[in-house]
Amino acid sequence: MLLALPLTLLAQAPKKVAKKAKRVAPSQIEIKSTAVQMASGIRAAEAALSPAELAIAAKIYQGTMPCELGASVTVTADAKVPGFFDLQIKNVKFRMAPVVTSTGAIRLEDQHAGAVWLQLSNKSMLMNQKLGQRLADVCMNPEQVIVAERLIKSPAPGLLDAPLVVAQKPMLPAAMPTTVPILLEAPVSVVPDSTPPAAVPDSSPKSTVSPLETTVK
């Protein structure tokens, strides 16, 4: 009897372990499959960029750019998902995507974190819309440095510095007469009347002497 008890215990022990293993394995598989589905769904949503957004992404400067106050920003394009960028400042990373603007400005956004990357011709800046803070300013790559130096040497004219254009009265050509003839001064052409003139009565006094009187005298 004593020898039979350990054998029964040993026979039951593997069954319990096997049951535990069966319960753990499906949960791990479900977690992995869920994570894969979420990652694929995120990549599919990120890949759905419009041609205008892809055109903006093609203009983004990449690499490490020094900023004012000793800061620096690193912009790296995602090799797997075209049009998306990883932006890092210190130990903070942002997932940036291009955004079409009405002004045509080059803009990247991390809508989840509220980060905005604006790229101008002479500098770039990083802002946090949720906090209302500017995280980095005057970030420049070599091309932006050239533009910034050019603007310092020959700044663009302001609105008040622009020359005023005064509208002038148009001059008459030299061949054109300065005076216009009046209607009464113009020659009048008379058309002759084709009807014959009417008979005009003789107004000279007639003699009252009869022919007999002239013969007697």
# chains A, B, ... in the order shown; residues from 1 in each chain; ligands from 1
>>> residues_around(residues="A:Asn128", least_positions_apart="6", cutoff="10 Å", atoms="only C-alpha atoms", output="list in words")
Glu109, Asp110, Ala113, Gly114, Ala115, Val116, Trp117, Arg134, Leu135 and Ala136 of chain A
>>> select_by_dssp(residues="stretch 67-120 of chain A", states="strand (DSSP E or B)", output="VMD selection string")
chain A and resid 72 to 77 85 to 89 92 to 98 106 to 110 115 to 119
>>> write_last_selection(atoms="C-alpha atoms", output="PDB file, in the first residue's frame")
ATOM      1  CA  SER A  72      19.754  69.985 -31.145  1.00  0.00           C
ATOM      2  CA  VAL A  73      17.072  68.062 -33.026  1.00  0.00           C
ATOM      3  CA  THR A  74      17.542  64.870 -35.031  1.00  0.00           C
ATOM      4  CA  VAL A  75      15.102  64.047 -37.832  1.00  0.00           C
ATOM      5  CA  THR A  76      15.206  60.553 -39.342  1.00  0.00           C
ATOM      6  CA  ALA A  77      12.964  59.186 -42.079  1.00  0.00           C
ATOM      7  CA  PHE A  85       9.743  60.622 -39.517  1.00  0.00           C
ATOM      8  CA  ASP A  86      11.192  60.007 -36.075  1.00  0.00           C
ATOM      9  CA  LEU A  87      12.140  63.281 -34.397  1.00  0.00           C
ATOM     10  CA  GLN A  88      14.258  63.263 -31.260  1.00  0.00           C
ATOM     11  CA  ILE A  89      15.215  66.093 -28.896  1.00  0.00           C
ATOM     12  CA  VAL A  92      12.159  62.589 -26.075  1.00  0.00           C
ATOM     13  CA  LYS A  93      11.028  61.028 -29.356  1.00  0.00           C
ATOM     14  CA  PHE A  94       8.096  61.991 -31.552  1.00  0.00           C
ATOM     15  CA  ARG A  95       6.433  60.163 -34.422  1.00  0.00           C
ATOM     16  CA  MET A  96       5.918  62.863 -37.043  1.00  0.00           C
ATOM     17  CA  ALA A  97       3.720  62.867 -40.157  1.00  0.00           C
ATOM     18  CA  PRO A  98       3.357  65.562 -42.861  1.00  0.00           C
ATOM     19  CA  ILE A 106       6.292  72.571 -44.519  1.00  0.00           C
ATOM     20  CA  ARG A 107       4.830  71.047 -41.363  1.00  0.00           C
ATOM     21  CA  LEU A 108       5.134  67.785 -39.445  1.00  0.00           C
ATOM     22  CA  GLU A 109       2.888  66.792 -36.551  1.00  0.00           C
ATOM     23  CA  ASP A 110       2.675  64.195 -33.814  1.00  0.00           C
ATOM     24  CA  ALA A 115       4.306  68.168 -31.219  1.00  0.00           C
ATOM     25  CA  VAL A 116       4.654  70.363 -34.333  1.00  0.00           C
ATOM     26  CA  TRP A 117       7.782  70.747 -36.490  1.00  0.00           C
ATOM     27  CA  LEU A 118       7.799  73.818 -38.769  1.00  0.00           C
ATOM     28  CA  GLN A 119      10.435  74.082 -41.476  1.00  0.00           C
TER      29      GLN A 119
END
>>> closest_residue(among="A:Thr103, A:Ser50, A:Gln111, A:Ser124", to="A:Glu68", atoms="only C-alpha atoms")
A:Ser124
>>> closest_residue(among="A:Leu126, A:Cys139, A:Ala148, A:Leu54", to="A:Val81", atoms="only C-alpha atoms")
A:Leu54
>>> atom_distance(atom1="atom CA of A:Cys67", atom2="atom CA of A:Val100")
24.9 Å
>>> closest_residue(among="A:Lys123, A:Gly70, A:Ala55, A:Leu131", to="A:Val99", atoms="only C-alpha atoms")
A:Ala55
